[in-house]
Number of protein chains: 4
Amino acid sequence: MTDLNADYAAAGFGGRLAFGTRPALLIVDVVMAYLDRASPLYAGVEHALASNERLVDAARAAGVPVIFTNVVYEPGGIDGGQFFRKVPALKAFERGSPQGAFPVTLQPLSGELVVSKQYPSAFFGTSLASTLHAAGIDTLLITGFSTSGCVRASALDALCHGFAPFVVREACGDRDVRPHEQNLFDMAAKMAEVVSEGEAVNLMRSTR
Amino acid sequence: MTDLNADYAAAGFGGRLAFGTRPALLIVDVVMAYLDRASPLYAGVEHALASNERLVDAARAAGVPVIFTNVVYEPGGIDGGQFFRKVPALKAFERGSPQGAFPVTLQPLSGELVVSKQYPSAFFGTSLASTLHAAGIDTLLITGFSTSGCVRASALDALCHGFAPFVVREACGDRDVRPHEQNLFDMAAKMAEVVSEGEAVNLMRSTR
Amino acid sequence: MTDLNADYAAAGFGGRLAFGTRPALLIVDVVMAYLDRASPLYAGVEHALASNERLVDAARAAGVPVIFTNVVYEPGGIDGGQFFRKVPALKAFERGSPQGAFPVTLQPLSGELVVSKQYPSAFFGTSLASTLHAAGIDTLLITGFSTSGCVRASALDALCHGFAPFVVREACGDRDVRPHEQNLFDMAAKMAEVVSEGEAVNLMRSTR
Amino acid sequence: MTDLNADYAAAGFGGRLAFGTRPALLIVDVVMAYLDRASPLYAGVEHALASNERLVDAARAAGVPVIFTNVVYEPGGIDGGQFFRKVPALKAFERGSPQGAFPVTLQPLSGELVVSKQYPSAFFGTSLASTLHAAGIDTLLITGFSTSGCVRASALDALCHGFAPFVVREACGDRDVRPHEQNLFDMAAKMAEVVSEGEAVNLMRSTR
C-alpha cells in the first residue's frame, strides 16, 4: 500500500506551524468518566493522565497558563442538542455527576480557568477563543480525551480561530489505539503539530 | 483485537439521529483540485463525483435544496490564517484558480447557493448556519471531498449547530481508502449517520 | 426635524418579521444588580420585573419554553476579556455575587434552561443558538436588562442566527429612559419587532 | 434631566481600553448606497467619506493594514436570512448592484482584504476574526456606515472577539444625527473607545 506520510507530503499537507511567544496549555476533558473502571467510557488512559500531570507541573513552573475543560449538561441534556442524541454516553456528564469530576491528581488551581462545554470542541459554544485572544495567547498545547473526539475537534477549532495548535501525543488517549493513531495522523497532516511530551516541556520552558 | 463497533456501542456511542422534515443536500468542495490528474490534490474520486451527480438529480427532483461549497483565498492566502500555513496545498484555491472550479458535470443552477469558505468546515467563518436555520432546514445530507478533512469538519459543525447530519458514503472521497474508512467510522460513532447513496435518495424522496 | 419613523420607512427599514410556530421566551439578565437599590447598576426597573413575572406566567401556561440568562465571571474576570476591562461595573457578576442572583419573584423552574454568559449577547460564547435550533425554536420573545446593552445585543444575534426576535417593550428596562427608547427605535428599524406585553401574551397563547 | 455621562460613569461604565501594539483599520460598508443621492439609503455622509480617505492615507503611510467590508447577497437574498426580511432596503446589495460598489475615492489596493458579509457585524458569518487573530492584530480602528447599524454591530463583536475597538467619530455616519450621536454614546459607555480623526491618526503613527 501507499506510504501515507510520503503521499500526503507530496500532495502539500503537513506544513509546519511556528510555536508562538505566548502559549497556553489546554487540557481537554481529563475527567473521571475516562479513568474510572466502572464507567462505560473508561478508556484505559492512565498513562496519558500521568503525562498530563507532568505537563501541568511544567506549565506552572514556566508560567504558562493552564486551562481545563469539562463537559456539563443540565438534567436530561436539554442543552445538549443533537450531540446528546447521537452519543447516549453523554448522560455521564449531567451536572453533578462524579464522572464529570477532575481526578484528584489533576485539579485546577485557584485562578486557573475551567471552561464547561456541551460540544466536542473546547471552542464551540464557549467564550474560550475570546478569553485567549484578549489575553494575547497565540499557541495552544493540547492534551486530553478522547483523541478522536474532543481533542481533535478542539485542535481543529484552535487552528480555525487563529491559534497554532500543538497536540501532545502521550498526553492524549482514546479507548482504542487505532482511532488514537489515525486521528493523530489526520491532525498532523491538516490541522496541528503533533509533538512528544518532552518536546512540549522544552517548548514551554523556552517561552520565558 | 477488539471489535471496534461492538466496543463503541457498548460504551454508548453511535446513537441514532432522526431524519427531519426539511433536509438539504450539502456538497462540500467537489472541485477540480481533487478531480484533475494534474493537481497535487488529485484523489482518484471519480466514482464519488458520479454519486454526487445522481444525488443532485434526486435532490432537484424531490425539491430538496442543494448547497455547494468551495474554497477561495485572496492572493497569498491573506485570509487563510493558520490553515493556509499548515496546508501549503491550499494555494490551489487562490481566487480564480481553475482547480477551485466546479466540474462541468456538477454545476450549481441559478438560485442554488454557493458558500465560499476559508476553513475545513462549511460553517466556520460563513453564514451558512444562519441561512439554513432561517429557511427552516433541520437535516443535512453531506457529501464531498475529502472525507477526513472538509466533510468530517462540516459534519461535526452541522451536528453542533443543531442539524441532523447524514453523510453519504459513496459520495465522499479521500486520497486514500484508509483515512476515508476511518473517518466514516469516527463520524458514525460520534457525529453523524452514515448512509448509502440509495438510502439518501430514498430519504429525499420520502420528504415530500 | 425630520420624523425619524417616516424617514426610516421610506429608506426601506422596518420590515415585518413573521411570528413563527415555535417560540420561546428569552429573559436576559433579570438579576439583582439592576433591582437592588444598593447596587451601582440599580436601574429603577421594578415595573419591567413585574412585566417579566406576568410574561413568565403566560409562557408557562401556554407551554412556551422559558430561558433565563445571567452573567458569571471567574474571580478577577479572567474569562471577561476586553468587555470586563471596558465595564468595571461587571465585577458585580463574579461567581457567587448576590447581585448576579435572580429575584425571588422570577426564578427558573426545574427543567428551565439558565444560560450563563460573559458577553452582552445571550448567544456570544454560549451554546444557546444550538440548543434552540436543535429544539426547533424559530421565534424569540426577548425581555430584560438593559435595553441598550444585553437586550439589544441578544436581539441582534437572534436575528443573525435565524430567529425572529420579538422584543417586549414593557419587559425591558434601562437606567435612563433615553437610551431605552432610542434603542427600541433602532431595534424596530433594523433587527426586531417591538411589541407590547399584551401583544406578547396573545402571541404566546395563539401558538397552541 | 440626569446628566447621562456622569450617571453612567458613577455606575461603572466607560472604562478605558488600551490601544495595542498591532492595530488595523476596519472600514465598514463605505459603499455607494449611502453616498449616491439616487439611493434610498443615501445618508448625506460625504464628510465621513472624506474622513475615511484621510484615515486610509494615514494607515497606509504608517503600515497599518486596511480592511474593507461590503454587503453582498445572492439574488433574492437567499443568503440573507431574517435580516433580509427585516430590512427590505438590503436588496440594494444583491451581487453586482452598483450601490454595493466602493466609491472611486476609497478603493482597496491590491493586497488589502475585502470581507463580504450578509449581516450587520463585520465578524458575523465571516472569517475576519480568524484572519486578524492569525495576523496578530489586537486593536481595530473602526469607521463607516451606518453608526447605528453595521458600525455598532462590528464594534461590539470586535470587543467580544478580544480586540480593542476604537471608533472614529468623524469617519462614521448615519442618515440622521440623532441615532449617530446616541449610538456613539452607547458605544463609548459599553463597548469601545470613541476617538476623533486626529487622535486616530496619531495612534496609527505612534504604532511604529
# chains A, B, ... in the order shown; residues from 1 in each chain; ligands from 1
>>> select_by_dssp(residues="segment 113-198 of chain D", states="helix (DSSP H, G or I)", output="ChimeraX atom specification")
/D:128-134,147-160,177-190,197-198
>>> closest_atom_pairs(of="chain D", to="chain B", cutoff="6 Å", atoms="only C-alpha atoms", output="CSV")
residue,atom,partner,partner_atom,distance
D:Asp79,CA,B:Thr131,CA,5.3
D:Gly81,CA,B:Ala134,CA,5.1
D:Gly125,CA,B:Ser127,CA,4.0
D:Thr126,CA,B:Gly125,CA,4.3
D:Ser127,CA,B:Gly125,CA,4.0
D:Thr131,CA,B:Gly81,CA,5.2
D:Ala134,CA,B:Gly81,CA,5.1
>>> residues_around(residues="Met204 of chain B", least_positions_apart="5", cutoff="10 Å", atoms="only C-alpha atoms", output="VMD selection string")
chain B and resid 19 21 to 25 55 58 to 64 141 199
>>> atom_distance(atom1="atom CA of Met32 of chain D", atom2="atom CA of Asn70 of chain D")
10.3 Å
>>> residues_around(residues="Pro179 of chain C", least_positions_apart="5", cutoff="8 Å", atoms="only C-alpha atoms", output="list in words")
Thr147, Ser148 and Asp174 of chain C; Gln182 and Asp186 of chain D
>>> write_last_selection(atoms="C-alpha atoms", output="compact mmCIF listing (two decimals), in the first residue's frame")
# COMPACT_ATOMS: atom_id res chain seq x y z
CA THR C 147 -32.33 47.60 26.73
CA SER C 148 -29.26 49.37 25.33
CA ASP C 174 -32.54 50.69 31.27
CA GLN D 182 -26.90 58.15 20.58
CA ASP D 186 -23.75 53.74 23.85
>>> residues_around(residues="Leu49 of chain A", least_positions_apart="4", cutoff="7 Å", atoms="only C-alpha atoms", output="short mmCIF file (atom, residue, chain, number, x, y, z; two decimals) with C-alpha atoms, in the first residue's frame")
data_model
loop_
_atom_site.label_atom_id
_atom_site.label_comp_id
_atom_site.auth_asym_id
_atom_site.auth_seq_id
_atom_site.Cartn_x
_atom_site.Cartn_y
_atom_site.Cartn_z
CA VAL A 45 -5.68 6.01 29.62
CA GLU A 53 0.27 15.68 35.46
CA ALA A 171 -0.98 13.18 26.86
#
